[in-house]
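Report on the structure given below.
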Number of protein chains: 6
Amino acid sequence: MLGEIMLRLSTPGFSRFVQAQSFDLTYGGGEANVAVSLANYGLQSYFVTKLPANEIGQAALNHLRRFGVNVDYIVRGGERLGIYFLESGASQRPSKVIYDRAHSAVSELKSAEVDWQKVFENATWFHWTGITPALGQLSQKCLEEACKAAKAAGAIISCDLNFRKKLWTPEQAQATMRPLMEYVDVCIANEEDAEKSLGLNVKDSDVDQAKLDETAYFEIAENLKRDYDFQTVAITLRESFSASRNGWSALLLDKKDCQKPYHSRHYDIQIVDRVGGGDAFAGALIFALLSKKNTKNALEFAVAASCLKQTIPGDFNLVSAEEVEKLAGGSGSGRVER
Amino acid sequence: MLGEIMLRLSTPGFSRFVQAQSFDLTYGGGEANVAVSLANYGLQSYFVTKLPANEIGQAALNHLRRFGVNVDYIVRGGERLGIYFLESGASQRPSKVIYDRAHSAVSELKSAEVDWQKVFENATWFHWTGITPALGQLSQKCLEEACKAAKAAGAIISCDLNFRKKLWTPEQAQATMRPLMEYVDVCIANEEDAEKSLGLNVKDSDVDQAKLDETAYFEIAENLKRDYDFQTVAITLRESFSASRNGWSALLLDKKDCQKPYHSRHYDIQIVDRVGGGDAFAGALIFALLSKKNTKNALEFAVAASCLKQTIPGDFNLVSAEEVEKLAGGSGSGRVER
Amino acid sequence: MLGEIMLRLSTPGFSRFVQAQSFDLTYGGGEANVAVSLANYGLQSYFVTKLPANEIGQAALNHLRRFGVNVDYIVRGGERLGIYFLESGASQRPSKVIYDRAHSAVSELKSAEVDWQKVFENATWFHWTGITPALGQLSQKCLEEACKAAKAAGAIISCDLNFRKKLWTPEQAQATMRPLMEYVDVCIANEEDAEKSLGLNVKDSDVDQAKLDETAYFEIAENLKRDYDFQTVAITLRESFSASRNGWSALLLDKKDCQKPYHSRHYDIQIVDRVGGGDAFAGALIFALLSKKNTKNALEFAVAASCLKQTIPGDFNLVSAEEVEKLAGGSGSGRVER
Amino acid sequence: MLGEIMLRLSTPGFSRFVQAQSFDLTYGGGEANVAVSLANYGLQSYFVTKLPANEIGQAALNHLRRFGVNVDYIVRGGERLGIYFLESGASQRPSKVIYDRAHSAVSELKSAEVDWQKVFENATWFHWTGITPALGQLSQKCLEEACKAAKAAGAIISCDLNFRKKLWTPEQAQATMRPLMEYVDVCIANEEDAEKSLGLNVKDSDVDQAKLDETAYFEIAENLKRDYDFQTVAITLRESFSASRNGWSALLLDKKDCQKPYHSRHYDIQIVDRVGGGDAFAGALIFALLSKKNTKNALEFAVAASCLKQTIPGDFNLVSAEEVEKLAGGSGSGRVER
Amino acid sequence: MLGEIMLRLSTPGFSRFVQAQSFDLTYGGGEANVAVSLANYGLQSYFVTKLPANEIGQAALNHLRRFGVNVDYIVRGGERLGIYFLESGASQRPSKVIYDRAHSAVSELKSAEVDWQKVFENATWFHWTGITPALGQLSQKCLEEACKAAKAAGAIISCDLNFRKKLWTPEQAQATMRPLMEYVDVCIANEEDAEKSLGLNVKDSDVDQAKLDETAYFEIAENLKRDYDFQTVAITLRESFSASRNGWSALLLDKKDCQKPYHSRHYDIQIVDRVGGGDAFAGALIFALLSKKNTKNALEFAVAASCLKQTIPGDFNLVSAEEVEKLAGGSGSGRVER
Amino acid sequence: MLGEIMLRLSTPGFSRFVQAQSFDLTYGGGEANVAVSLANYGLQSYFVTKLPANEIGQAALNHLRRFGVNVDYIVRGGERLGIYFLESGASQRPSKVIYDRAHSAVSELKSAEVDWQKVFENATWFHWTGITPALGQLSQKCLEEACKAAKAAGAIISCDLNFRKKLWTPEQAQATMRPLMEYVDVCIANEEDAEKSLGLNVKDSDVDQAKLDETAYFEIAENLKRDYDFQTVAITLRESFSASRNGWSALLLDKKDCQKPYHSRHYDIQIVDRVGGGDAFAGALIFALLSKKNTKNALEFAVAASCLKQTIPGDFNLVSAEEVEKLAGGSGSGRVER
């Protein structure tokens with residue numbers, strides 16, 4: 001894992017920013033969230049980033065360490081830790097995120113500060129997201145070298161496209177992301193990523209209306225797979241009925257068990273905290289592709305895991321593989337476990 | 001705005017009064033809530049009341065000031081600040097309000113303590129609710145003088161009937177409210193106000209059963225408009241499925257675009273805090289009638305605004321006009337705004 | 001009431017155990033919860049248990065006293081207070097209970113430490129649950145003597161079967177519980193208790209799937225009544241749609257008004273805290289059987305009461321009889337009570 | 001005990017009123033605090049008051065019950081519960097109390113609502129404070145009848161003069177209090193009470209300067225004893241070095257072991273919450289006079305108890321007799337007790 | 001007032017950064033703190049700054065508005081709000097501040113964005129601190145124009161030297177600050193400012209040792225006054241006995257009543273929050289110089305006010321002039337005010 | 001490190017147990033605290049214990065991991081995690097600890113469950129405390145084997161005598177501890193340990209009176225060193241002025257720089273949380289003996305470190321070596337570090 005971990009400051013309960021007298025504090029970020037998921041499932045999980053050499057940076061590092069992520073390759077230094085402010089929405093009122101991530105230490109990480117060969121020595125998988133190259137040229141350079149080293153070490157490479165419109169334009173994204181796709185084996189996307197990050201032509205689908213056109217998504221997956229010759233394409237499908245209730249499922253297309261797009265079971269989620277849902281999906285998919293025989297089962301595991309994430313406060317998906325299996329295997333009844 | 005602002009003490013989470021070890025503290029009251037809404041939308045908004053000359057009174061004043069309300073005409077003195085205790089309900093358990101508002105400073109405000117001419121110097125609108133005259137004869141006198149001064153200054157006058165059974169009987173209310181209607185241009189009511197405050201004969205409608213008979217409400221609106229020759233009549237319609245989930249819409253009848261009753265879009269709300277929903281409606285309606293060309297749009301704005309209020313803790317509707325427009329304009333999907 | 005009260009430590013909000021930095025603290029336990037319900041309804045309610053002679057034991061005693069339970073027969077001493085840790089679930093993520101109740105003071109209560117005759121002097125009712133005999137042989141001995149003394153004093157005896165798989169096996173439970181049924185007049189059970197605690201043959205009913213087969217439950221009730229010649233059999237029926245939403249109803253079979261199984265009104269509950277729901281049912285049923293003429297009404301009272309419990313945090317059902325009547329009598333609309 | 005219990009709302013930490021977003025909530029009041037002290041020491045302690053018939057009144061009653069006070073003679077009804085707001089001071093910034101106690105239920109308690117004979121049936125002691133008659137004529141009437149009934153039942157009567165300048169003037173106080181002294185056996189006062197409540201001529205002593213002139217206080221005690229022929233006179237002596245640190249001691253003069261004024265051990269207290277310190281003294285003195293052979297020891301017990309109170313948040317002195325003995329007996333070292 | 005207001009995030013209680021799971025949130029900054037002090041004392045107080053056009057910026061603005069500061073000249077826009085993280089120390093453990101203020105909106109405020117003439121139209125005083133020019137060249141330019149406009153409008157200009165070593169070196173500070181002194185009438189400094197900001201040669205004084213050499217400070221004041229021909233020089237003197245306890249006083253030298261250095265009364269403070277102590281001094285000094293006849297009294301007012309600040313959490317000094325007078329006039333005994 | 005880590009549940013602020021509605025939650029225990037100290041100073045630190053295989057055990061493990069302790073040798077299983085309840089004292093009211101640690105997983109750890117050879121493979125130091133053998137025979141066996149393995153691996157062995165009277169009697173302690181001293185190189189004790197754990201004859205020293213007789217302690221140290229031929233003896237000296245203020249120092253006697261007892265600098269501490277102070281001393285002493293040339297400096301480092309601990313909430317001493325050096329090197333002034 002290479003990427004950013006940010007200080008997350010969220011208003012308690014359903015307070016708005018202008019009401020808050022305190023912030024709940026945790027740490028999170030696309031790739032960090034994936035790293036924690038993998039550690040939860042029992043894998044050795046490394047996270048590479050740069051953190052400022054002050055107590056705020058130390059607290060972020062401790063947070064990763066607490067949940068079992070290996071922090072040996074984290075570089076210390078730089079100006080500041082990126083921050084994101086989160087206001088939890090409810091019903092018709094959407095959640096709001098204010099980013100204050102510019103000038104972060106990780107965006108100033110130079111490739112030479114990391115010994116990529118050593119990082120990937122025994123690596124079997126390298127995961128990154130579209131957020132990292134959006135942080136700037138230094139990060140793009142890091143990413144490229146990481147991809148090369150991972151490839152050289154024989155690791156599978158997965159990418160969650162994760163387009164962020166506050167970080168770059170679709171044009172900038174496409175110019176950077178397309179060439180990087182050559183390294184990618186497993187491509188993960190949501191409804192709008194494929195269009196914004198890779199320029200894929202998507203039929204008009206009004207995501208806000210919570211209507212999902214399954215065949216349109218099948219087509220996206222097929223085009224992605226064809227254009228970039230991915231081993232695996234996975235797309236998460238979110239139906240936003242309201243800030244409090246979402247539909248959730250995903251589809252998989254690969255060269256193995258899902259040579260036709262396979263659409264997973266569908267969950268109707270009472271949202272506690274949807275931030276990190278996509279990362280929970282990616283983390284669980286990686287684990288499941290590594291550990292399960294059938295890729296359909298891998299997808300079901302990933303969808304169940306990311307459904308559970310959205311019932312947990314904070315960015316991290318603090319669930320065990322057993323808990324995920326239990327849901328994927330049938331029961332979402334929420335009976336008390338005594 | 002003339003009226004009361006109270007200290008609001010609510011139990012945290014879903015605790016009952018007998019469980020609480022702390023109270024969340026804010027300030028609110030019918031007209032104060034409207035004043036804050038208007039300030040949020042960028043209007044100059046004045047609030048006239050009387051607050052005790054101690055720190056509790058000061059904190060109430062600060063709370064208005066914080067959200068942009070002009071407090072220049074607030075009188076200081078009197079015995080105490082009114083209090084209301086709030087216990088948040090859930091599912092089949094209703095919220096509970098215990099009032100401790102007798103002997104409040106505002107109920108002792110004498111008309112001579114306020115320079116009404118100066119208050120309404122450049123005023124374009126004067127809003128009051130049925131709570132103010134229910135506080136006693138001093139308040140009734142204040143209100144009458146305020147209405148006269150507002151009328152003289154050419155301001156539009158709106159009234160939210162807001163019947164409160166703990167403050168007076170329907171008979172008392174009607175004896176006081178009916179003559180005051182002569183000053184009113186815009187009349188706002190909910191399901192039971194018209195009957196209790198003005199004695200309007202309403203066909204039996206079991207509000208508890210969450211069944212709303214649209215035609216009955218159309219008739220109420222038409223009778224109100226005919227009997228008192230209002231410019232505009234607006235009625236909010238709440239369907240209480242449970243303490244956690246309400247239906248919400250409104251209808252408008254006026255001499256402009258809604259010469260036949262116009263029933264707004266309907267929202268299905270996951271309730272965070274429904275107190276102040278009606279005030280948010282009134283505040284948004286005033287703003288929208290002042291700023292929008294079409295009164296149907298004004299109603300849609302008001303319904304969307306008051307829907308959003310019910311997703312925010314506290315009495316005040318801390319939303320911007322842009323946020324309201326976004327919901328009224330279509331999207332209630334609650335997608336995260338990054 | 002004879003039984004255990006435990007220290008309950010629950011994570012705030014929807015946090016998982018591994019996230020918690022504080023625990024909300026209260027006290028509860030099957031029979032204690034029933035005792036509090038009865039005190040709330042205005043009955044004289046005694047609770048017999050053993051509490052350690054330290055401040056934690058004192059705080060548990062104070063908690064009972066606070067809610068009006070008579071603590072005169074509580075014995076002080078023993079090693080420790082039992083604890084249960086609770087993590088609140090949401091949506092597809094179930095709540096989790098970790099018991100740390102072994103070696104508790106009450107499990108070491110010897111029958112000779114209590115003057116059973118005096119306890120039951122003017123008693124009209126004795127309630128116990130299947131948890132007490134599961135605590136060990138000392139507790140079984142206590143229970144047997146209590147039953148005898150209660151019977152001798154002419155009290156009605158009710159038992160909530162309450163099977164706990166972490167305390168004993170179905171085999172152990174049946175060997176102990178069956179003989180005790182001879183003392184029982186009113187038998188209360190949930191979906192799985194009858195099978196696990198008494199060995200009743202229940203047709204396969206997948207409780208996790210939230211599908212309830214009414215006739216199967218009718219049959220269970222009838223078999224229970226026939227096999228043990230109970231005065232009254234009551235069964236609660238929970239449909240777990242998710243950790244956040246449950247269906248809730250109950251059925252009654254007796255020798256009076258419900259000679260055929262009577263299935264109560266059904267409630268669709270937005271869960272705040274479902275722990276103690278069954279105890280709230282038992283408490284309300286006892287009160288209603290003692291105070292109501294018609295046993296159908298008694299059942300409706302009990303179902304409404306236990307519905308309300310599930311909207312209140314903590315084990316105790318802090319509602320008044322009036323509040324229950326209001327719900328049972330029709331309104332579950334959750335309108336604010338001002 | 002006859003008197004008022006109020007809702008106490010205090011700002012958390014050292015926040016000022018204008019900063020607070022929540023209030024810590026407890027209940028307290030002069031006589032209620034004494035009642036709780038006595039219950040803590042294991043005596044049967046009754047509290048007579050009037051509480052509104054709503055949940056706020058119920059919560060106050062529960063709070064007394066929780067700490068073991070008998071509430072059988074509490075009358076329910078009336079308009080409201082008195083409230084006091086508390087802001088905790090620190091260092092040079094004094095604590096602030098805002099009273100909102102007018103129109104409280106207890107101030108409307110009529111003597112006829114209480115069966116005084118029954119209340120004092122087996123009473124050995126009756127305690128009241130100067131706050132009760134300050135609440136108005138109804139309360140004075142209650143108090144007089146209570147004193148008569150107590151006297152008739154052979155109970156000892158103690159009075160804590162407790163002058164409150166916001167409730168009445170020294171003139172009013174003296175006119176009411178002096179005649180009541182005829183019933184009083186044990187008189188408790190602080191530095192200024194004797195002067196304000198009874199008109200005793202006190203030599204100028206600048207209490208703010210934290211200088212205490214022992215002989216002046218000896219004289220006050222002697223004059224009190226002589227003028228009213230009290231059995232016992234006790235005076236607490238507080239040196240306010242700052243809001244965070246106080247000196248604390250007391251003196252006793254009686255017809256037994258302290259025929260000359262006896263000045264207790266002196267404590268230097270790091271204040272946690274000084275409200276209720278005087279009541280803790282009164283409660284402990286009553287207990288000790290009832291249970292100890294030597295009145296010097298009784299005074300030392302009372303001073304130690306009230307020292308401990310000031311290290312505990314809230315009005316109530318939640319200490320056991322053993323804890324007090326331990327401090328009075330020597331150790332104030334604050335070593336951890338494991 | 002021209003300057004920065006920052007988001008202040010502090011750990012609750014005495015937690016260290018690496019322990020925190022939430023931050024208490026408020027807003028503060030040198031000049032903002034002074035503006036709030038002046039508003040508290042009843043003066044019209046304007047604050048000029050630039051705040052980002054998001055909700056975090058709005059919350060900062062609301063915070064100023066809440067405490068009565070006029071926000072009409074605040075510019076909206078720019079990248080981010082500066083942040084400072086605060087960890088409260090205790091005893092031998094010092095408090096820690098981590099700044100994250102680079103790239104703040106105010107540091108990008110261009111002089112042309114403000115209409116200085118209008119800002120100073122009726123101004124009688126302009127206060128700034130050495131932090132503003134340390135933010136960069138744009139801020140220096142703003143400051144210079146503000147000084148010119150203030151001078152032209154006839155306002156008195158005060159400057160708190162406030163050296164911040166994380167923002168610039170002594171050399172940079174001196175090069176910038178010295179020429180600006182030409183505009184300054186009232187110069188405020190602490191122990192080390194004069195040396196670092198203006199290059200004054202100060203005899204070695206080990207501030208950490210809490211020993212203060214009065215004559216050395218007298219000399220600093222005299223040199224400052226002579227070198228820059230200030231009307232008034234005020235120096236605050238802090239003795240840090242520990243993070244929990246500080247000595248506090250100040251001295252004044254002016255052309256009026258203190259032509260020889262006047263050393264104020266000395267306070268021994270039990271610290272609640274010392275951040276903002278110097279700003280509270282400056283704010284109170286400005287108010288007192290404007291409203292008091294004797295400058296010695298003005299200094300005593302300022303020292304008492306800033307003593308009180310250190311007993312209040314947050315940056316702002318939320319005290320009234322009456323409270324300050326009461327302390328300055330003699331009583332620091334911290335008796336409860338009822 | 002071999003030992004117990006417990007769940008620590010403490011009342012917030014200065015609340016007593018009977019007031020608490022929540023517990024602050026952390027984890028701690030003699031040896032765990034030492035392990036965290038060492039990790040903070042940058043050493044590789046291993047902790048061996050047994051934790052239950054549930055989420056409470058996992059949270060304890062995560063807590064160690066968060067602060068950098070290596071958890072590779074922690075065994076999972078057993079019945080429960082030990083708990084200790086903590087009530088924070090203040091002024092004359094002592095803190096209270098209630099242990100609920102019987103039947104803990106670690107007390108059931110069998111020596112065969114740990115591969116001691118592997119644990120000590122590259123170990124340079126092994127630390128244990130007198131608590132571990134007090135847990136029972138299984139723990140004594142573990143400890144003995146650990147000592148043997150450590151010795152074999154060439155590690156230095158330190159023991160903090162840490163007598164706990166709730167776990168065993170002095171007689172039991174001495175019978176077990178004396179033979180174990182043969183393995184110990186560095187012996188750490190407080191005022192009473194030497195007497196209780198090893199039966200050393202100590203002259204009467206009234207520890208409660210906060211008077212410390214230096215020569216008596218010198219004698220204890222010399223006797224300890226002579227009787228058991230320790231390399232190093234260190235004794236911490238606490239003067240309990242009150243629960244809020246303690247004196248703190250230590251003395252060292254060794255075969256190197258302190259051949260005569262060396263008494264360290266003395267600190268006067270405003271206590272935040274004194275639990276873990278002794279462990280902080282042990283941890284810092286180990287680090288300093290390993291890294292410093294002069295053992296007097298090592299003692300000063302250890303005393304400064306453990307002084308700082310007592311200003312931090314929780315068991316763990318979350319300070320860096322730099323922070324300790326800064327205090328040991330002179331400054332305890334508590335100036336803000338910006």
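Residue numbering restarts at 1 in every chain; chains get A, B, ... in the order shown in the structure tokens, and ligands count up from 1 in that same order.
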Contacts of Arg238 (chain D) at 7 Å (only C-alpha atoms; same-chain gap of 6+ positions) as a compact mmCIF listing (two decimals) with all heavy atoms, in the first residue's frame:
# COMPACT_ATOMS: atom_id res chain seq x y z
N ASN D 246 -9.14 26.34 49.78
CA ASN D 246 -9.80 26.89 50.96
C ASN D 246 -9.24 26.26 52.22
O ASN D 246 -8.88 25.08 52.23
CB ASN D 246 -11.30 26.58 50.94
CG ASN D 246 -12.13 27.53 50.07
OD1 ASN D 246 -13.35 27.56 50.14
ND2 ASN D 246 -11.47 28.29 49.20
N GLY D 247 -9.20 27.06 53.27
CA GLY D 247 -8.98 26.50 54.60
C GLY D 247 -10.33 26.14 55.20
O GLY D 247 -11.35 26.77 54.87
N TRP D 248 -10.38 25.14 56.06
CA TRP D 248 -11.66 24.66 56.58
C TRP D 248 -11.49 24.11 57.99
O TRP D 248 -10.61 23.30 58.25
CB TRP D 248 -12.19 23.56 55.66
CG TRP D 248 -13.54 23.02 56.01
CD1 TRP D 248 -13.82 21.80 56.53
CD2 TRP D 248 -14.80 23.67 55.84
NE1 TRP D 248 -15.18 21.64 56.68
CE2 TRP D 248 -15.81 22.78 56.28
CE3 TRP D 248 -15.18 24.94 55.36
CZ2 TRP D 248 -17.16 23.11 56.26
CZ3 TRP D 248 -16.53 25.25 55.33
CH2 TRP D 248 -17.50 24.34 55.78
N SER D 249 -12.30 24.63 58.90
CA SER D 249 -12.33 24.09 60.26
C SER D 249 -13.68 24.49 60.86
O SER D 249 -14.52 25.05 60.16
CB SER D 249 -11.18 24.65 61.10
OG SER D 249 -11.34 26.05 61.27
*asked:* Residues of chain F were defined as contacting chain B if any atom lay at most 10 Å from it, counting only C-alpha atoms; please report them as an NGL selection string.
replied: :F and (19-21)
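Looking only at region 136-217 of chain F, the set that DSSP places in strand (DSSP E or B) from backbone geometry is Ile156, Ile157, Ser158, Cys159, Asp160, Val186, Cys187, Ile188 and Ala189 of chain F.
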Can I get the selection written as an mmCIF file, in the first residue's frame, with all heavy atoms?
data_model
loop_
_atom_site.group_PDB
_atom_site.id
_atom_site.type_symbol
_atom_site.label_atom_id
_atom_site.label_comp_id
_atom_site.auth_asym_id
_atom_site.auth_seq_id
_atom_site.Cartn_x
_atom_site.Cartn_y
_atom_site.Cartn_z
ATOM 1 N N ILE F 156 20.125 -9.208 31.415
ATOM 2 C CA ILE F 156 20.051 -8.668 32.769
ATOM 3 C C ILE F 156 18.614 -8.848 33.248
ATOM 4 O O ILE F 156 17.673 -8.744 32.464
ATOM 5 C CB ILE F 156 20.417 -7.170 32.777
ATOM 6 C CG1 ILE F 156 21.846 -6.991 32.241
ATOM 7 C CG2 ILE F 156 20.260 -6.568 34.167
ATOM 8 C CD1 ILE F 156 22.217 -5.543 32.006
ATOM 9 N N ILE F 157 18.441 -9.138 34.530
ATOM 10 C CA ILE F 157 17.092 -9.339 35.057
ATOM 11 C C ILE F 157 16.812 -8.291 36.134
ATOM 12 O O ILE F 157 17.595 -8.116 37.065
ATOM 13 C CB ILE F 157 16.921 -10.749 35.644
ATOM 14 C CG1 ILE F 157 17.110 -11.793 34.538
ATOM 15 C CG2 ILE F 157 15.551 -10.905 36.300
ATOM 16 C CD1 ILE F 157 16.910 -13.223 34.976
ATOM 17 N N SER F 158 15.673 -7.601 35.939
ATOM 18 C CA SER F 158 15.262 -6.629 36.959
ATOM 19 C C SER F 158 13.911 -7.032 37.527
ATOM 20 O O SER F 158 13.093 -7.655 36.857
ATOM 21 C CB SER F 158 15.171 -5.226 36.366
ATOM 22 O OG SER F 158 14.258 -5.203 35.298
ATOM 23 N N CYS F 159 13.738 -6.687 38.800
ATOM 24 C CA CYS F 159 12.472 -7.007 39.456
ATOM 25 C C CYS F 159 12.003 -5.800 40.269
ATOM 26 O O CYS F 159 12.757 -5.226 41.047
ATOM 27 C CB CYS F 159 12.658 -8.208 40.387
ATOM 28 S SG CYS F 159 11.203 -8.464 41.437
ATOM 29 N N ASP F 160 10.741 -5.444 40.050
ATOM 30 C CA ASP F 160 10.110 -4.425 40.887
ATOM 31 C C ASP F 160 9.292 -5.190 41.922
ATOM 32 O O ASP F 160 8.362 -5.913 41.571
ATOM 33 C CB ASP F 160 9.221 -3.543 40.006
ATOM 34 C CG ASP F 160 8.616 -2.381 40.773
ATOM 35 O OD1 ASP F 160 8.561 -2.431 42.018
ATOM 36 O OD2 ASP F 160 8.172 -1.419 40.118
ATOM 37 N N VAL F 186 18.876 -6.279 39.161
ATOM 38 C CA VAL F 186 18.464 -4.922 39.512
ATOM 39 C C VAL F 186 17.169 -5.017 40.304
ATOM 40 O O VAL F 186 16.157 -5.506 39.792
ATOM 41 C CB VAL F 186 18.252 -4.073 38.246
ATOM 42 C CG1 VAL F 186 17.736 -2.684 38.617
ATOM 43 C CG2 VAL F 186 19.533 -3.996 37.432
ATOM 44 N N CYS F 187 17.206 -4.552 41.537
ATOM 45 C CA CYS F 187 16.031 -4.650 42.397
ATOM 46 C C CYS F 187 15.432 -3.267 42.614
ATOM 47 O O CYS F 187 16.110 -2.339 43.041
ATOM 48 C CB CYS F 187 16.432 -5.253 43.736
ATOM 49 S SG CYS F 187 15.064 -5.300 44.914
ATOM 50 N N ILE F 188 14.142 -3.157 42.326
ATOM 51 C CA ILE F 188 13.437 -1.881 42.458
ATOM 52 C C ILE F 188 12.350 -2.046 43.515
ATOM 53 O O ILE F 188 11.656 -3.062 43.538
ATOM 54 C CB ILE F 188 12.810 -1.480 41.108
ATOM 55 C CG1 ILE F 188 13.921 -1.360 40.047
ATOM 56 C CG2 ILE F 188 12.023 -0.188 41.225
ATOM 57 C CD1 ILE F 188 13.406 -1.223 38.632
ATOM 58 N N ALA F 189 12.228 -1.043 44.371
ATOM 59 C CA ALA F 189 11.254 -1.170 45.455
ATOM 60 C C ALA F 189 10.709 0.197 45.829
ATOM 61 O O ALA F 189 11.300 1.218 45.489
ATOM 62 C CB ALA F 189 11.922 -1.803 46.678
#
Applying 6 Å and only C-alpha atoms, which residues near region 37-54 of chain F remain after dropping the ones on its own chain fewer than 2 positions away? List them as a PDB file with C-alpha atoms, in the first residue's frame.
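Full text of around04.pdb as output:
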ATOM      1  CA  MET F   1       8.376  -8.433  29.997  1.00  0.00           C
ATOM      2  CA  LEU F   2       6.100 -11.119  31.392  1.00  0.00           C
ATOM      3  CA  GLY F   3       2.977 -10.162  33.228  1.00  0.00           C
ATOM      4  CA  VAL F  34       7.174  -0.888  31.608  1.00  0.00           C
ATOM      5  CA  ALA F  35       7.019  -2.413  28.127  1.00  0.00           C
ATOM      6  CA  ILE F  56     -11.785  -7.323  24.954  1.00  0.00           C
ATOM      7  CA  GLY F  57      -8.553  -9.278  24.762  1.00  0.00           C
ATOM      8  CA  GLY F  68       4.862   0.098  19.779  1.00  0.00           C
ATOM      9  CA  VAL F  69       5.134  -3.000  21.958  1.00  0.00           C
ATOM     10  CA  ASN F  70       5.843  -6.246  20.158  1.00  0.00           C
ATOM     11  CA  TYR F  73       4.548 -13.836  21.940  1.00  0.00           C
ATOM     12  CA  ILE F  74       1.163 -13.092  23.439  1.00  0.00           C
ATOM     13  CA  VAL F  75      -0.888 -16.260  23.917  1.00  0.00           C
ATOM     14  CA  ARG F  76      -4.631 -16.100  23.270  1.00  0.00           C
ATOM     15  CA  GLY F  77      -7.197 -18.022  25.306  1.00  0.00           C
ATOM     16  CA  GLY F  78      -8.443 -18.355  28.855  1.00  0.00           C
ATOM     17  CA  ARG F  80     -11.361 -13.450  31.076  1.00  0.00           C
ATOM     18  CA  ALA F 105      -6.340 -15.570  31.404  1.00  0.00           C
ATOM     19  CA  VAL F 106      -2.774 -14.744  32.379  1.00  0.00           C
ATOM     20  CA  GLY F 283      10.947   1.485  32.544  1.00  0.00           C
ATOM     21  CA  ASN F 317       3.993   6.841  30.430  1.00  0.00           C
ATOM     22  CA  SER F 320       9.779  10.512  24.726  1.00  0.00           C
ATOM     23  CA  ALA F 321      13.352  10.325  25.937  1.00  0.00           C
TER      24      ALA F 321
END
*Name the residues of region 14-252 of chain F that come out as helix (DSSP H, G or I) in a backbone DSSP run; write them as a PyMOL selection string.*
chain F and resi 17-19+30-40+55-66+106-108+111-113+116-119+131-134+137-152+170-183+193-198+207-209+214-228
*What lies within 10 Å of Lys255 (chain D) using only C-alpha atoms, ignoring chain neighbours under 5 positions off, as an MDAnalysis selection string?*
chainID D and resid 225 229:233 260 295
*Exercise: Leu135 (chain B) partners within 10 Å, only C-alpha atoms, chain neighbours under 4 positions left out, as a PyMOL selection string*: chain B and resi 3-4+101-104+106-108+130-131+139-140+167-168
_Using only C-alpha atoms, which protein or nucleic acid residues come within 10 Å of His266 (chain B)? Drop anything in the same chain fewer than 2 positions from it, and give the result as an MDAnalysis selection string._
chainID B and resid 237:238 247:250 263:264 268:269 300 303:304 307
*Extract, using only C-alpha atoms, all DNA, RNA and protein residues at most 6 Å from region 110-115 of chain F, discarding same-chain residues fewer than 3 positions from it, and format them as a VMD selection string.*
chain F and resid 118 138 142
